[in-house]
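Only one structure is covered here, and it is reproduced in the block below.
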Amino acid sequence: MRTAVLVDVVRTPSGRGKPGGALSAVHPVDLAAGVLTAVLERNGLESRQVDDVLLGCVSQIGDQAMNIARQSVLAAGFDEIVPATTIDRQCGSSQQAAHFAAQGVIAGAYEVVIAGGVESMSRVPLGSSRTGGSRSTLLHERYPDGLVNQGVSAELIAQKWELSRDVLDAYSAESHRRAADAASQGLFDSQLLAVNVDGSAVTSDETVRPGTTLAGLGGLNPAFRTDEMAARFPDLDWRITAGNSSPLTDAASAVLIMSEEKAHELGLTPRARFHAFAVVGDDPLFMLTGPIPATQRILERSGLTIHDLEAYEVNEAFASVPLAWAHDLHADPAKLNAWGGAIALGHAVGASGTRLLGTLLATLEATGGRYGLQTMCEGGGMANATIIERL
């Protein structure tokens, strides 16, 4: 069987996804073009050597419409023969891009492929692509009460797993502490690409707050309680806030994937191989619990146990998600998002999958670990899971 390997990872810093954020002045096509160009330059490749470019993007409207992957390839100066496509599996879009890329290598369809993602949530607000849409009659017949937004789903998870407000806030403060500590040690430096904005270089993640405290988070009000939702779920005590949720973010990220044979032929060093893949659907009301069955499935497929994994990156869309996952999988908290997660590092939804993959790889390299897991909850009740093996 052909082996798909990870050769390189690059990402922009995370900018706050609102007007005035560090990267809000940069067009998302240009954000993505920057990481694509960096992949070539860092590895001495010509664009004609790339068989395909697969980019995740969730809100494919406005500045992110018209197949942003292809626009980004052209903006990056790639040869016009290089194709590209844009993928939407909600928050897991770029993780799915990496899956498709690696699976294409294993199948023999690709030799060299770039996977990644981009999202400018300051310029294209989350939910923009739903604007003006009508509701499916058939979907309404199946779910007459309607589904809910992810914040309400996070509340339902917190209630079901009996996660108190203090537990959620303490986890969130620790995410910021870990991310700030990792940044101060330069652990992200090998991946980070400086972005020029109006003559100044953005070189670090704007979303990390080193001084975050449990007391400070405790003063924030619940973010997703409305009169309608309070009437529908009268037993909820509403504990999800902006502080224990991931911030809206602008960012792009990319990974270089190829066959192991091609990497050696090109004189490049494979850093990890793709060991196993999984993707599942789950309850669309709870929506964010998918990482639990996705992890169970990938462990079964791989023949590994949770104790065989030296690191796990579980996307921190909300603090209740990794906490519920860790409870059900009996996971080691020290191995969970060891360098901080999306609560601190941001969640540019189209780009987060390959950002987490890069952090997972770097964590394994820094600790000498062999196997690592990445999993992400996704809108509509889905989740991807990936296991990589450090080489």
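In the structure tokens, the first chain shown is A, the next is B, and so on; residue numbers restart at 1 for each chain, and ligands run from 1 in the order shown.
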Find the residues around A:Val321 up to 12 Å (only C-alpha atoms counted), leave out those fewer than 6 positions away in its own chain, and share them as a PyMOL selection string.
chain A and resi 150-151+153-161+163+168+171-172+240+244-246+286-292+313-315+327-328+336+341-343+375-378+383
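Residues surrounding A:Glu41 within 12 Å are A:Asp8, A:Val10, A:Gly34, A:Val35, A:Leu36, A:Glu46, A:Ser47, A:Ala76, A:Phe78, A:Leu193, A:Leu256 [only C-alpha atoms; sequence separation below 5 positions excluded].
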From the list A:Val255, A:Ala215, A:Gly17, A:Thr86, which residue is nearest A:Arg42 when using only C-alpha atoms?
A:Val255
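If only C-alpha atoms are the atoms counted, then among A:Thr363, A:Ser134, A:Thr354, A:Gln90 the closest residue to A:Ala115 is A:Thr354.
The nearest approach to A:Ile114 among the residues A:Val39, A:Glu80, A:Ile87, A:Ser59, with only C-alpha atoms taken into account, belongs to A:Val39.
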Excluding A:Asp205 and its own-chain neighbours fewer than 2 positions away, which residues fall within 10 Å of it when counting only C-alpha atoms? Please give them as a PyMOL selection string.
chain A and resi 12-16+22+179-180+183+188+192+202-203+207-209+251+344-346
